[in-house]
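Asker: My file is work10.cif. It has mmCIF, C-alpha atoms and all ligand atoms:
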```cif
data_entry
#
loop_
_atom_site.label_atom_id
_atom_site.label_comp_id
_atom_site.auth_asym_id
_atom_site.auth_seq_id
_atom_site.Cartn_x
_atom_site.Cartn_y
_atom_site.Cartn_z
CA MET A 149 60.82 -26.51 55.50
CA ARG A 150 58.61 -23.44 55.91
CA THR A 151 56.66 -22.09 52.98
CA ASN A 152 55.09 -18.67 52.70
CA ILE A 153 51.58 -18.44 51.36
CA MET A 154 50.13 -14.99 50.66
CA PRO A 155 47.74 -14.07 53.48
CA ARG A 156 44.16 -13.54 52.41
CA VAL A 157 40.72 -13.07 53.88
CA VAL A 158 39.05 -16.42 54.47
CA THR A 159 35.25 -16.46 54.39
CA ARG A 160 33.20 -19.10 56.14
CA ASN A 161 32.70 -21.27 53.05
CA HIS A 162 36.15 -20.71 51.62
CA LYS A 163 38.48 -23.37 52.93
CA VAL A 164 42.21 -23.69 52.55
CA ILE A 165 42.79 -27.30 51.52
CA LEU A 166 46.22 -28.87 51.26
CA VAL A 167 46.45 -31.80 48.87
CA ALA A 168 49.66 -33.77 49.28
CA GLY A 169 50.26 -35.62 46.03
CA GLY A 170 48.12 -32.99 44.33
CA ALA A 171 49.84 -33.46 40.94
CA GLY A 172 49.07 -37.18 40.91
CA PHE A 173 46.09 -38.97 39.43
CA ILE A 174 43.55 -38.76 42.25
CA GLY A 175 45.20 -35.69 43.82
CA SER A 176 44.84 -33.57 40.68
CA ASN A 177 41.19 -34.59 40.30
CA LEU A 178 40.66 -33.48 43.91
CA CYS A 179 42.46 -30.15 43.29
CA ARG A 180 40.22 -29.40 40.31
CA ARG A 181 37.10 -30.14 42.31
CA PHE A 182 38.18 -27.90 45.22
CA LEU A 183 39.09 -25.02 42.89
CA ASP A 184 35.75 -25.36 41.10
CA ASP A 185 34.02 -25.27 44.50
CA GLY A 186 35.79 -21.95 45.28
CA HIS A 187 38.35 -23.17 47.80
CA GLU A 188 42.02 -22.32 48.04
CA VAL A 189 44.26 -25.25 47.17
CA ILE A 190 47.82 -25.83 48.30
CA CYS A 191 49.22 -28.61 46.15
CA VAL A 192 52.28 -30.33 47.63
CA ASP A 193 54.09 -32.78 45.35
CA ASN A 194 57.62 -34.08 44.86
CA PHE A 195 56.84 -35.06 41.23
CA GLN A 196 58.10 -38.60 41.72
CA THR A 197 54.96 -39.88 40.00
CA GLY A 198 52.94 -36.67 39.96
CA CYS A 199 52.80 -34.96 36.60
CA ARG A 200 53.10 -31.21 35.87
CA ARG A 201 50.63 -31.61 33.03
CA ASN A 202 47.93 -32.64 35.51
CA ILE A 203 48.15 -29.31 37.31
CA ALA A 204 49.16 -27.02 34.41
CA PRO A 205 45.58 -25.75 33.96
CA PHE A 206 45.45 -24.71 37.64
CA LEU A 207 48.67 -22.67 37.76
CA LYS A 208 47.05 -19.48 36.58
CA ARG A 209 44.10 -19.78 38.95
CA ARG A 210 44.14 -17.30 41.76
CA TYR A 211 43.62 -19.73 44.62
CA PHE A 212 46.10 -22.38 43.56
CA ARG A 213 49.57 -22.66 45.07
CA LEU A 214 52.16 -25.27 44.20
CA ILE A 215 54.85 -26.38 46.62
CA GLN A 216 57.44 -28.84 45.40
CA HIS A 217 58.24 -30.85 48.47
CA ASP A 218 58.78 -34.47 49.53
CA ILE A 219 56.56 -35.23 52.53
CA CYS A 220 59.27 -37.52 53.93
CA ASP A 221 60.68 -34.18 55.16
CA PRO A 222 58.81 -32.08 57.74
CA ILE A 223 56.64 -29.33 56.29
CA ASP A 224 55.29 -26.07 57.65
CA ILE A 225 52.87 -23.68 55.99
CA SER A 226 52.23 -20.09 57.02
CA GLY A 227 48.59 -19.10 57.33
CA PRO A 228 45.54 -21.25 57.89
CA VAL A 229 45.01 -24.77 56.63
CA HIS A 230 41.57 -26.24 57.24
CA GLU A 231 41.81 -29.63 55.59
CA ILE A 232 44.64 -31.92 54.49
CA TYR A 233 44.26 -34.80 52.03
CA ASN A 234 47.24 -37.13 52.06
CA MET A 235 47.25 -38.58 48.53
CA ALA A 236 51.04 -38.63 48.27
CA CYS A 237 52.60 -41.98 47.41
CA ALA A 238 53.36 -43.88 44.23
CA ALA A 239 50.38 -46.22 43.96
CA SER A 240 51.08 -48.41 40.95
CA PRO A 241 52.91 -51.63 41.89
CA ASP A 242 55.46 -51.00 39.11
CA ARG A 243 56.21 -47.52 40.42
CA TYR A 244 56.18 -48.08 44.19
CA GLN A 245 58.48 -51.07 43.78
CA GLU A 246 61.09 -48.94 41.96
CA GLY A 247 62.14 -47.34 45.25
CA PRO A 248 60.72 -49.58 47.98
CA ILE A 249 62.50 -47.90 50.93
CA HIS A 250 61.33 -44.49 49.78
CA THR A 251 57.81 -45.91 49.40
CA SER A 252 57.82 -47.09 53.03
CA LYS A 253 59.25 -43.75 54.16
CA THR A 254 56.57 -41.86 52.24
CA CYS A 255 53.86 -43.95 53.87
CA PHE A 256 55.22 -43.63 57.40
CA LEU A 257 57.22 -40.38 57.61
CA GLY A 258 54.90 -38.67 55.15
CA ALA A 259 51.85 -39.52 57.25
CA LEU A 260 53.67 -38.47 60.43
CA ASN A 261 54.77 -35.09 58.99
CA LEU A 262 51.29 -34.31 57.71
CA LEU A 263 49.66 -35.40 60.97
CA GLU A 264 51.99 -33.04 62.85
CA LEU A 265 51.04 -30.24 60.45
CA ALA A 266 47.35 -31.05 61.03
CA ARG A 267 47.88 -30.98 64.79
CA ARG A 268 49.58 -27.57 64.66
CA LYS A 269 46.99 -26.13 62.26
CA LYS A 270 44.00 -27.80 63.93
CA ALA A 271 43.13 -29.10 60.48
CA ARG A 272 41.13 -32.17 59.57
CA ILE A 273 43.24 -34.74 57.79
CA LEU A 274 42.31 -37.62 55.52
CA GLN A 275 44.60 -40.52 54.73
CA SER A 276 44.39 -42.25 51.37
CA SER A 277 44.71 -45.80 52.55
CA THR A 278 44.14 -48.68 50.20
CA SER A 279 42.56 -52.06 49.55
CA GLU A 280 46.19 -53.27 49.64
CA VAL A 281 45.89 -53.36 53.44
CA TYR A 282 43.84 -56.53 52.78
CA GLY A 283 46.79 -58.02 50.82
CA ASP A 284 45.79 -61.19 48.93
CA PRO A 285 42.39 -61.56 50.60
CA GLU A 286 40.99 -64.97 51.58
CA VAL A 287 37.42 -63.62 51.50
CA SER A 288 35.65 -62.62 48.31
CA LEU A 289 34.03 -59.43 49.61
CA GLN A 290 36.34 -57.35 51.80
CA ASP A 291 34.73 -55.35 54.58
CA GLU A 292 36.58 -53.08 56.98
CA SER A 293 36.64 -55.68 59.77
CA TYR A 294 38.70 -58.07 57.62
CA ARG A 295 42.31 -57.88 58.86
CA GLY A 296 43.96 -58.92 55.64
CA CYS A 297 46.55 -61.36 54.40
CA VAL A 298 49.77 -59.45 53.68
CA ASN A 299 53.24 -60.85 53.04
CA THR A 300 55.57 -58.65 55.11
CA CYS A 301 58.65 -59.73 53.13
CA GLY A 302 57.53 -59.51 49.52
CA PRO A 303 57.67 -56.94 46.71
CA ARG A 304 54.34 -55.33 47.65
CA ALA A 305 55.13 -55.11 51.37
CA CYS A 306 56.80 -51.67 51.17
CA TYR A 307 53.44 -50.23 50.13
CA ASP A 308 51.00 -52.57 51.87
CA GLU A 309 52.73 -52.48 55.25
CA GLY A 310 53.50 -48.78 54.88
CA LYS A 311 49.82 -48.04 54.36
CA ARG A 312 48.91 -50.27 57.28
CA VAL A 313 51.23 -48.46 59.70
CA ALA A 314 49.99 -45.12 58.35
CA GLU A 315 46.46 -46.16 59.35
CA THR A 316 47.81 -46.92 62.82
CA LEU A 317 49.42 -43.47 63.04
CA PHE A 318 46.17 -41.83 61.98
CA TRP A 319 44.23 -43.83 64.50
CA GLU A 320 46.69 -42.91 67.30
CA TYR A 321 46.67 -39.21 66.42
CA GLY A 322 42.87 -39.35 66.37
CA ALA A 323 42.65 -41.16 69.69
CA HIS A 324 45.46 -39.46 71.65
CA LYS A 325 46.48 -36.18 70.01
CA GLY A 326 43.06 -34.68 69.37
CA VAL A 327 43.48 -34.59 65.58
CA GLU A 328 40.37 -35.00 63.41
CA THR A 329 41.47 -37.94 61.29
CA ARG A 330 39.72 -39.81 58.47
CA ILE A 331 40.88 -42.99 56.72
CA ALA A 332 39.68 -43.96 53.24
CA ARG A 333 40.52 -47.45 51.99
CA ILE A 334 40.60 -46.79 48.28
CA PHE A 335 40.04 -49.66 45.84
CA ASN A 336 41.15 -49.68 42.18
CA THR A 337 40.34 -46.32 40.61
CA TYR A 338 40.66 -45.16 37.01
CA GLY A 339 39.95 -42.11 34.87
CA PRO A 340 41.56 -39.01 33.36
CA ASN A 341 45.00 -37.93 34.62
CA MET A 342 46.26 -41.45 35.22
CA ASP A 343 49.74 -41.50 33.68
CA PRO A 344 49.74 -43.54 30.43
CA GLU A 345 52.97 -45.15 31.64
CA ASP A 346 51.73 -45.79 35.14
CA GLY A 347 51.81 -49.55 34.62
CA ARG A 348 48.36 -50.23 36.00
CA VAL A 349 45.94 -52.44 34.22
CA VAL A 350 43.39 -49.88 32.96
CA SER A 351 46.01 -47.47 31.61
CA ASN A 352 48.09 -50.30 30.12
CA PHE A 353 45.15 -51.95 28.35
CA ILE A 354 43.72 -48.71 26.95
CA VAL A 355 47.08 -47.41 25.72
CA GLN A 356 47.94 -50.80 24.21
CA ALA A 357 44.56 -51.03 22.45
CA LEU A 358 44.88 -47.48 21.10
CA LYS A 359 48.38 -48.20 19.79
CA GLY A 360 47.32 -51.51 18.23
CA GLU A 361 49.55 -53.54 20.55
CA ASP A 362 48.58 -56.83 22.22
CA LEU A 363 47.09 -56.36 25.69
CA THR A 364 49.43 -57.75 28.34
CA ILE A 365 47.53 -60.12 30.62
CA TYR A 366 49.47 -61.13 33.69
CA GLY A 367 48.92 -64.75 34.74
CA THR A 368 45.71 -66.43 33.56
CA GLY A 369 43.74 -63.17 33.67
CA LYS A 370 41.21 -64.81 35.99
CA GLN A 371 42.21 -62.59 38.92
CA THR A 372 39.55 -59.98 39.72
CA ARG A 373 39.44 -56.28 40.50
CA SER A 374 36.57 -53.80 41.02
CA PHE A 375 37.04 -50.48 39.25
CA CYS A 376 35.76 -47.13 40.51
CA TYR A 377 35.61 -44.06 38.29
CA VAL A 378 37.62 -41.16 39.71
CA SER A 379 34.72 -38.66 40.03
CA ASP A 380 32.84 -41.14 42.23
CA LEU A 381 35.92 -41.57 44.39
CA VAL A 382 36.47 -37.81 44.72
CA GLU A 383 32.88 -37.45 45.91
CA GLY A 384 33.37 -40.25 48.45
CA LEU A 385 36.57 -38.69 49.80
CA ILE A 386 34.90 -35.30 50.27
CA GLN A 387 31.93 -36.87 52.02
CA LEU A 388 34.20 -38.88 54.29
CA MET A 389 36.18 -35.76 55.21
CA ALA A 390 32.91 -34.00 56.08
CA SER A 391 31.70 -36.90 58.23
CA ASP A 392 32.53 -37.69 61.86
CA GLU A 393 33.86 -41.16 61.07
CA LYS A 394 37.36 -41.85 62.37
CA MET A 395 37.56 -45.55 61.58
CA PRO A 396 38.52 -46.78 58.08
CA VAL A 397 35.87 -46.70 55.35
CA ASN A 398 36.09 -48.64 52.07
CA LEU A 399 35.59 -46.51 48.95
CA GLY A 400 35.27 -48.34 45.67
CA ASN A 401 32.88 -49.79 43.13
CA PRO A 402 31.80 -53.33 44.03
CA CYS A 403 31.27 -54.45 40.40
CA GLU A 404 33.93 -57.14 39.99
CA PHE A 405 35.60 -58.18 36.73
CA THR A 406 38.36 -60.56 35.71
CA MET A 407 41.29 -59.04 33.82
CA LEU A 408 40.24 -61.11 30.80
CA GLU A 409 36.78 -59.50 30.90
CA LEU A 410 38.35 -56.07 31.23
CA ALA A 411 40.65 -56.70 28.25
CA GLU A 412 37.74 -57.92 26.13
CA LYS A 413 35.67 -54.87 27.04
CA ILE A 414 38.46 -52.40 26.22
CA VAL A 415 39.34 -54.04 22.89
CA LYS A 416 35.65 -53.84 21.93
CA MET A 417 35.22 -50.24 23.03
CA VAL A 418 38.40 -49.04 21.30
CA ARG A 419 37.39 -51.10 18.24
CA SER A 420 40.92 -52.38 18.20
CA ARG A 421 42.00 -55.43 16.23
CA THR A 422 44.62 -56.32 18.79
CA GLY A 423 44.88 -59.60 20.66
CA VAL A 424 46.23 -60.51 24.07
CA ALA A 425 49.64 -61.69 25.25
CA PHE A 426 50.03 -63.65 28.47
CA TRP A 427 52.83 -62.52 30.78
CA PRO A 428 53.97 -64.04 34.10
CA LEU A 429 51.88 -63.14 37.13
CA PRO A 430 53.83 -60.81 39.47
CA GLN A 431 54.62 -62.22 42.93
CA ASP A 432 51.90 -61.72 45.57
CA ASP A 433 49.44 -60.36 43.01
CA PRO A 434 46.06 -60.48 44.81
CA ARG A 435 43.73 -63.07 43.26
CA GLN A 436 40.55 -61.18 44.03
CA ARG A 437 39.42 -57.78 45.21
CA ARG A 438 35.92 -56.44 45.76
CA PRO A 439 34.88 -53.85 48.32
CA ASN A 440 31.99 -54.18 50.69
CA ILE A 441 30.76 -50.56 50.76
CA GLU A 442 27.90 -50.95 53.24
CA ARG A 443 29.64 -48.66 55.78
CA ALA A 444 30.16 -45.93 53.18
CA LYS A 445 26.50 -46.23 52.18
CA THR A 446 25.26 -46.10 55.77
CA ILE A 447 27.64 -43.53 57.24
CA LEU A 448 28.14 -41.24 54.24
CA GLY A 449 25.11 -41.99 52.09
CA TRP A 450 27.68 -42.56 49.32
CA ALA A 451 27.71 -45.09 46.51
CA PRO A 452 29.36 -44.94 43.08
CA ASN A 453 27.21 -43.79 40.15
CA VAL A 454 29.43 -44.33 37.12
CA GLY A 455 29.37 -47.81 35.59
CA LEU A 456 32.42 -49.35 33.94
CA ASN A 457 31.20 -48.79 30.36
CA GLU A 458 30.52 -45.11 30.93
CA GLY A 459 33.75 -44.53 32.87
CA LEU A 460 35.87 -46.43 30.37
CA SER A 461 34.45 -44.54 27.42
CA THR A 462 35.37 -41.15 29.00
CA THR A 463 38.77 -42.52 29.99
CA ILE A 464 39.47 -43.94 26.51
CA GLU A 465 38.70 -40.52 24.99
CA TRP A 466 41.06 -38.84 27.46
CA TYR A 467 43.91 -41.23 26.54
CA ARG A 468 43.14 -40.85 22.83
CA GLU A 469 43.54 -37.07 23.11
CA ARG A 470 46.60 -37.40 25.31
CA LEU A 471 48.40 -39.74 22.92
CA ALA A 472 47.50 -37.50 19.97
CA ALA A 473 48.87 -34.45 21.81
CA ASP A 474 52.07 -36.35 22.68
CA LYS A 475 52.48 -37.35 19.05
CA GLU A 476 51.93 -33.82 17.84
CA ALA A 477 54.40 -32.40 20.35
CA GLU A 478 56.77 -35.30 19.69
CA VAL A 479 57.44 -35.76 23.39
CA PRO A 480 57.83 -39.20 24.95
CA VAL A 481 54.57 -40.51 26.47
CA GLY A 482 54.32 -39.81 30.21
CA GLN A 483 56.56 -36.71 30.23
N1 LIG B 501 47.61 -56.56 35.16
C1 LIG B 501 47.58 -57.16 33.92
N2 LIG B 501 48.18 -56.53 32.88
C2 LIG B 501 48.80 -55.32 33.00
C3 LIG B 501 48.82 -54.69 34.26
C4 LIG B 501 48.23 -55.35 35.31
O1 LIG B 501 47.01 -58.25 33.74
O2 LIG B 501 49.32 -54.83 31.99
C5 LIG B 501 46.93 -57.22 36.28
C6 LIG B 501 47.74 -57.31 37.57
O3 LIG B 501 48.53 -58.48 37.58
C7 LIG B 501 46.63 -57.33 38.60
C8 LIG B 501 45.53 -56.49 38.00
O4 LIG B 501 45.82 -56.43 36.61
O5 LIG B 501 46.16 -58.64 38.79
C9 LIG B 501 45.48 -55.07 38.55
O6 LIG B 501 46.79 -54.54 38.50
P1 LIG B 501 47.11 -53.03 38.80
O7 LIG B 501 48.58 -52.88 38.65
O8 LIG B 501 46.24 -52.16 38.01
O9 LIG B 501 46.69 -52.78 40.31
P2 LIG B 501 46.68 -53.67 41.64
O10 LIG B 501 45.24 -53.88 41.90
O11 LIG B 501 47.39 -54.97 41.43
O12 LIG B 501 47.36 -52.82 42.64
#
```
Represent the structure contained in this file as structure tokens.
Answerer:
Amino acid sequence: MRTNIMPRVVTRNHKVILVAGGAGFIGSNLCRRFLDDGHEVICVDNFQTGCRRNIAPFLKRRYFRLIQHDICDPIDISGPVHEIYNMACAASPDRYQEGPIHTSKTCFLGALNLLELARRKKARILQSSTSEVYGDPEVSLQDESYRGCVNTCGPRACYDEGKRVAETLFWEYGAHKGVETRIARIFNTYGPNMDPEDGRVVSNFIVQALKGEDLTIYGTGKQTRSFCYVSDLVEGLIQLMASDEKMPVNLGNPCEFTMLELAEKIVKMVRSRTGVAFWPLPQDDPRQRRPNIERAKTILGWAPNVGLNEGLSTTIEWYRERLAADKEAEVPVGQ
């Protein structure tokens, strides 16, 4: 596919940045930041999990272009592209398991197609990898040298193994094809623009608490995750892109919580009278996850600033407004 973008004068500080998955949760937060910084944004999304509402405010901005495209298919863009962020893939276990073959194709073919575009355009390219490359980790603090514990034949494998091979592709293109590659291993992230029906724990718990429904705890709730607010992550991604680091870098917030602690916190903050309901633990659900971010601190000078209370309170307000708007418009949540 070849897509025409209107030619324009590009000044030294004005970059053309392609965000694949730009209508998704993290992608749309990146798009907003780049537009606010005065760059031109090319948002590529197939709208499998991306949401038109996330990018609606950008459509009338002069330097925003939307291309509906599935990165499993080759892509070409006329005109310059200086940076590519590959944020395109369903990331919630519920969603990426709906079409597991497509998930693997997105990870592998999507990465390959964007790497080829980067090679032709001489653009820098950043891969959104994931803490899922560590699988169900046997160590309590995961640093980048840990090689992980992934089940290759389980429900999460389409995503975990896809993201692992995508890292390999990035590394090969960096080592042998002269492409400026960056790899961010993103840990659990939350904040505005995460689909209320995404199925992930923060969105589920907040929406359930706001609706007065019991919070669904999978398993005992003693499994842990470490939650990073999206603005911190966006900053980390931009700093990684600007760095010279080609090897993977963990980006996340090392403050670790059990799902029971998270549920308790959200119920309290929403001032909800709801309780909890225990559901079966999904297969291969990691028991613990906490990033070691020493490399990000040393190489990028980056560390997260937003604590869970602050981030949750902004996120709760965003969902409150979103649910109210859905109710007013009488549209199903998540449309
Ligand atoms: N989880 C939960 N209730 C929910 C959704 C998820 O207890 O309604 C648990 C899930 O089993 C996992 C953790 O919360 O242990 C984080 O799940 P999520 O889907 O957000 O992301 P993951 O880190 O597993 O990719």
Asker: Nearest to ligand LIG 501 (chain B): which of A:Gly322, A:Gly384, A:Pro344, A:Gly296 is it, counting only C-alpha atoms and all ligand atoms?
Answerer: A:Pro344
Asker: Quick one: pull the distance between atom CA of Ala171 of chain A and atom CA of Ile219 of chain A, Å, one decimal.
Answerer: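 Going from atom CA of Ala171 of chain A over to atom CA of Ile219 of chain A, I get 13.5 Å.
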Asker: Nearest residue to ligand LIG 501 (chain B) out of A:Gln245, A:Gln436, A:Ser379, A:Thr329, using only C-alpha atoms and all ligand atoms?
Answerer: A:Gln436
Asker: Please identify all polymer residues within 9 Å of segment 455-457 of chain A, counting all atoms listed in the file, omitting same-chain residues fewer than 6 positions from it, and present them as a list in words.
Answerer: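 Answer for this query is Phe375, Cys376, Tyr377, Asn401, Cys403, Lys413 and Met417 of chain A.
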Asker: From the options A:Arg243, A:Arg295, A:Arg421, A:Arg312, which residue's atoms come nearest to Glu345 of chain A, counting all atoms listed in the file?
Answerer: A:Arg243
Asker: Using only C-alpha atoms and all ligand atoms, find each protein or nucleic acid residue lying at most 6 Å from ligand LIG 501 (chain B); present the set as a list in words.
Answerer: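 With only C-alpha atoms and all ligand atoms and a cut-off of 6 Å, ligand LIG 501 (chain B) is contacted by Ser240, Pro241, Asn336, Gly347, Arg348, Val349, Asn352, Thr364, Ile365, Tyr366, Gly369, Gln371, Met407, Leu429 and Asp433 of chain A.
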Asker: Mind listing whatever residues come within 12 Å of the point (35.4, -55.1, 49.3)? Use only C-alpha atoms, file coordinates, and give them as a CSV table (one decimal) with C-alpha atoms, keeping the file's coordinate frame.
Answerer:
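result_28.csv, written as the output of this step:
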```csv
chain,number,residue,atom,x,y,z
A,278,THR,CA,44.1,-48.7,50.2
A,279,SER,CA,42.6,-52.1,49.6
A,280,GLU,CA,46.2,-53.3,49.6
A,281,VAL,CA,45.9,-53.4,53.4
A,282,TYR,CA,43.8,-56.5,52.8
A,283,GLY,CA,46.8,-58.0,50.8
A,285,PRO,CA,42.4,-61.6,50.6
A,286,GLU,CA,41.0,-65.0,51.6
A,287,VAL,CA,37.4,-63.6,51.5
A,288,SER,CA,35.6,-62.6,48.3
A,289,LEU,CA,34.0,-59.4,49.6
A,290,GLN,CA,36.3,-57.4,51.8
A,291,ASP,CA,34.7,-55.4,54.6
A,292,GLU,CA,36.6,-53.1,57.0
A,293,SER,CA,36.6,-55.7,59.8
A,294,TYR,CA,38.7,-58.1,57.6
A,296,GLY,CA,44.0,-58.9,55.6
A,333,ARG,CA,40.5,-47.4,52.0
A,334,ILE,CA,40.6,-46.8,48.3
A,335,PHE,CA,40.0,-49.7,45.8
A,336,ASN,CA,41.2,-49.7,42.2
A,372,THR,CA,39.6,-60.0,39.7
A,373,ARG,CA,39.4,-56.3,40.5
A,374,SER,CA,36.6,-53.8,41.0
A,375,PHE,CA,37.0,-50.5,39.2
A,376,CYS,CA,35.8,-47.1,40.5
A,397,VAL,CA,35.9,-46.7,55.4
A,398,ASN,CA,36.1,-48.6,52.1
A,399,LEU,CA,35.6,-46.5,49.0
A,400,GLY,CA,35.3,-48.3,45.7
A,401,ASN,CA,32.9,-49.8,43.1
A,402,PRO,CA,31.8,-53.3,44.0
A,403,CYS,CA,31.3,-54.4,40.4
A,404,GLU,CA,33.9,-57.1,40.0
A,436,GLN,CA,40.6,-61.2,44.0
A,437,ARG,CA,39.4,-57.8,45.2
A,438,ARG,CA,35.9,-56.4,45.8
A,439,PRO,CA,34.9,-53.8,48.3
A,440,ASN,CA,32.0,-54.2,50.7
A,441,ILE,CA,30.8,-50.6,50.8
A,442,GLU,CA,27.9,-51.0,53.2
A,443,ARG,CA,29.6,-48.7,55.8
A,444,ALA,CA,30.2,-45.9,53.2
```
Asker: From the options A:Tyr467, A:Tyr338, A:Phe182, A:Trp319, which residue's atoms come nearest to Gly170 of chain A, counting only C-alpha atoms?
Answerer: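 Once distances to Gly170 of chain A are computed over only C-alpha atoms, the minimum belongs to A:Phe182.
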Asker: Enter the distance from atom CA of Leu408 of chain A to atom CA of Val382 of chain A, in Å, rounded to one decimal.
Answerer: 27.4 Å
Asker: Could you please determine the separation between atom CA of Glu328 of chain A and atom CA of Asp392 of chain A in Å, to one decimal place?
Answerer: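 Between atom CA of Glu328 of chain A and atom CA of Asp392 of chain A the gap works out to 8.4 Å.
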Asker: Please list as a list of chain:residue names every residue within 7 Å of Glu188 of chain A, counting only C-alpha atoms and excluding residues in the same chain fewer than 2 positions away.
Answerer: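 In the requested form, the answer reads A:Lys163, A:Val164, A:Ile165, A:Leu183, A:Gly186, A:Ile190, A:Tyr211, A:Phe212.
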Asker: Which one of A:Glu264, A:Asp193, A:Asp346, A:Glu320 sits closest to Pro222 of chain A if you count only C-alpha atoms?
Answerer: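 Under the stated criterion, the closest residue is A:Glu264.
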Asker: Taking all atoms listed in the file into account, which of A:Val327, A:Ala411, A:Ala236, A:Cys220 comes nearest Arg268 of chain A?
Answerer: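 Nearest candidate to Arg268 of chain A out of A:Val327, A:Ala411, A:Ala236, A:Cys220: A:Val327.
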